[in-house]
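One structure is given here, and the rest of the page talks about it.
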Amino acid sequence: KSTIAVNLAISLAKEGKRVTLVDCDLRNPSDSELMGVEPEIGLIDYLDGDIDFKKCILPSNNMIDGQESLKLYFIPGGKAVADGSNLLGSDKMKELIDVVSNVSDYVILDSPPVGLLTDASVLGQFADCAMFIVKKDFAKSQHIMDGMEHLAESSIPVIGCVLNGE
């Protein structure tokens, strides 16, 4: 799921689009590793603290093969927390998404797995659409159906499904 989100962000940025990738999986933030950075602060620090969100935003400089011309920005998740759903549904999260949406062509919210946790459904209130990522030979059909049902209940248009194999 996170690999797809990161690669989608990079691909869109390479096409000249302004992209902001937000690691919203606060229980297991992994986008930083995929992006090759070790940030000191992240989304959780903004949502749970009293810092300016601009301190969490990292430009793509030197993250992606040193391609400084990419219009890619990254907001890492930060330190893992046990439950981030209240923070993800907060006014501060809405404010952050509103601001980055105004300066980005695409904002990609990498959420926790849908169906297993409420976090993805909570984030849905801020999303225009969703992509459903299924890990081949891992996800059980009932979990897939439950996830799709959660998305349908939250009225998020699903624009596609990716079967991700390893």
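A note on labels: chains of the structure tokens are A, B, ... as shown, every chain counts residues from 1, and ligands are counted from 1 in their shown order.
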
| task | Pick out the residues sitting within 6 Å of stretch 99-116 of chain A, and hand them over as a list of chain:residue names; count only C-alpha atoms, and ignore anything fewer than 2 positions along from it in its own chain. | result |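 My list of contacting residues is A:Arg18, A:Val19, A:Thr20, A:Leu21, A:Val22, A:Asp23, A:Cys24, A:Asp25, A:Leu96, A:Ile97, A:Ala120, A:Asp146, A:Gly147.
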
| task | as a PyMOL selection string, list the residues of stretch 2-147 of chain A assigned to strand (DSSP E or B) by DSSP on the backbone atoms of this structure. | result | chain A and resi 19-23+58-59+72-75+106-110+114+117+130-135

| task | Kindly indicate which residue among A:Ile75, A:Ile159, A:Leu88, A:Val37 lies nearest to A:Asp128, using only C-alpha atoms for the distances. | result |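 Going through A:Ile75, A:Ile159, A:Leu88, A:Val37 one by one, the smallest distance to A:Asp128 is for A:Ile159.
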
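Of the residues listed (A:Ala5, A:Asp91, A:Leu34, A:Glu15), A:Ala5 shows the shortest atom-to-atom separation from A:Phe132; distances use only C-alpha atoms.
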
| request: Could you jot down the atom CA of A:Lys79 to atom CA of A:Val6 separation for me, Å, one decimal place? | output: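 Straight-line distance from atom CA of A:Lys79 to atom CA of A:Val6 works out to 18.7 Å.
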
| query | Taking only C-alpha atoms into account, which of A:Ser30, A:Gln142, A:Ser154, A:Ser2 comes nearest A:Ala80? | reply |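 Of all the options, A:Ser30 lies closest to A:Ala80.
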
| message | as a list in words, please: every residue in stretch 26-58 of chain A that a backbone DSSP assignment puts in helix (DSSP H, G or I). | response | Asp31, Ser32, Glu33, Leu34, Met35, Leu43, Ile44, Asp45, Tyr46, Leu47, Asp48, Phe53, Lys54 and Lys55 of chain A

Grab the residues selected above and save them as a PDB file, in the first residue's frame with C-alpha atoms.
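Result saved to part-v4.pdb:
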ATOM      1  CA  ASP A  31       6.812   6.092   3.880  1.00  0.00           C
ATOM      2  CA  SER A  32       9.954   7.723   5.333  1.00  0.00           C
ATOM      3  CA  GLU A  33      11.908   4.527   4.819  1.00  0.00           C
ATOM      4  CA  LEU A  34      10.632   4.229   1.258  1.00  0.00           C
ATOM      5  CA  MET A  35      11.521   7.874   0.607  1.00  0.00           C
ATOM      6  CA  LEU A  43       2.427  14.558  11.051  1.00  0.00           C
ATOM      7  CA  ILE A  44       1.841  13.213  14.555  1.00  0.00           C
ATOM      8  CA  ASP A  45       3.952  16.031  16.020  1.00  0.00           C
ATOM      9  CA  TYR A  46       1.799  18.606  14.243  1.00  0.00           C
ATOM     10  CA  LEU A  47      -1.527  16.968  15.074  1.00  0.00           C
ATOM     11  CA  ASP A  48      -0.704  16.200  18.695  1.00  0.00           C
ATOM     12  CA  PHE A  53       2.927  22.086  10.008  1.00  0.00           C
ATOM     13  CA  LYS A  54       5.490  23.683   7.683  1.00  0.00           C
ATOM     14  CA  LYS A  55       8.186  22.167   9.906  1.00  0.00           C
TER      15      LYS A  55
END

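Here atom CA of A:Lys17 stands at a distance of 8.4 Å from atom CA of A:Leu70.
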
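In this structure, atom CA of A:Ala9 sits 23.0 Å away from atom CA of A:Lys92.
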
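Of the listed residues (A:Arg27, A:Asp52, A:Asp98, A:Gly124), A:Arg27 comes nearest to A:Gly78; the distances count only C-alpha atoms.
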
| said: Using only C-alpha atoms, can you tell me which of A:Lys71, A:Gln125, A:His150, A:Ser60 comes closest to A:Ser90? | reply: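 Of the candidates, the smallest distance to A:Ser90 is held by A:Gln125.
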
| message | For a quick check of understanding, using only C-alpha atoms, which of A:Leu87, A:Leu72, A:Leu26, A:Cys129 has the smallest distance to A:Leu8? | response |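 Nearest to A:Leu8: A:Leu72.
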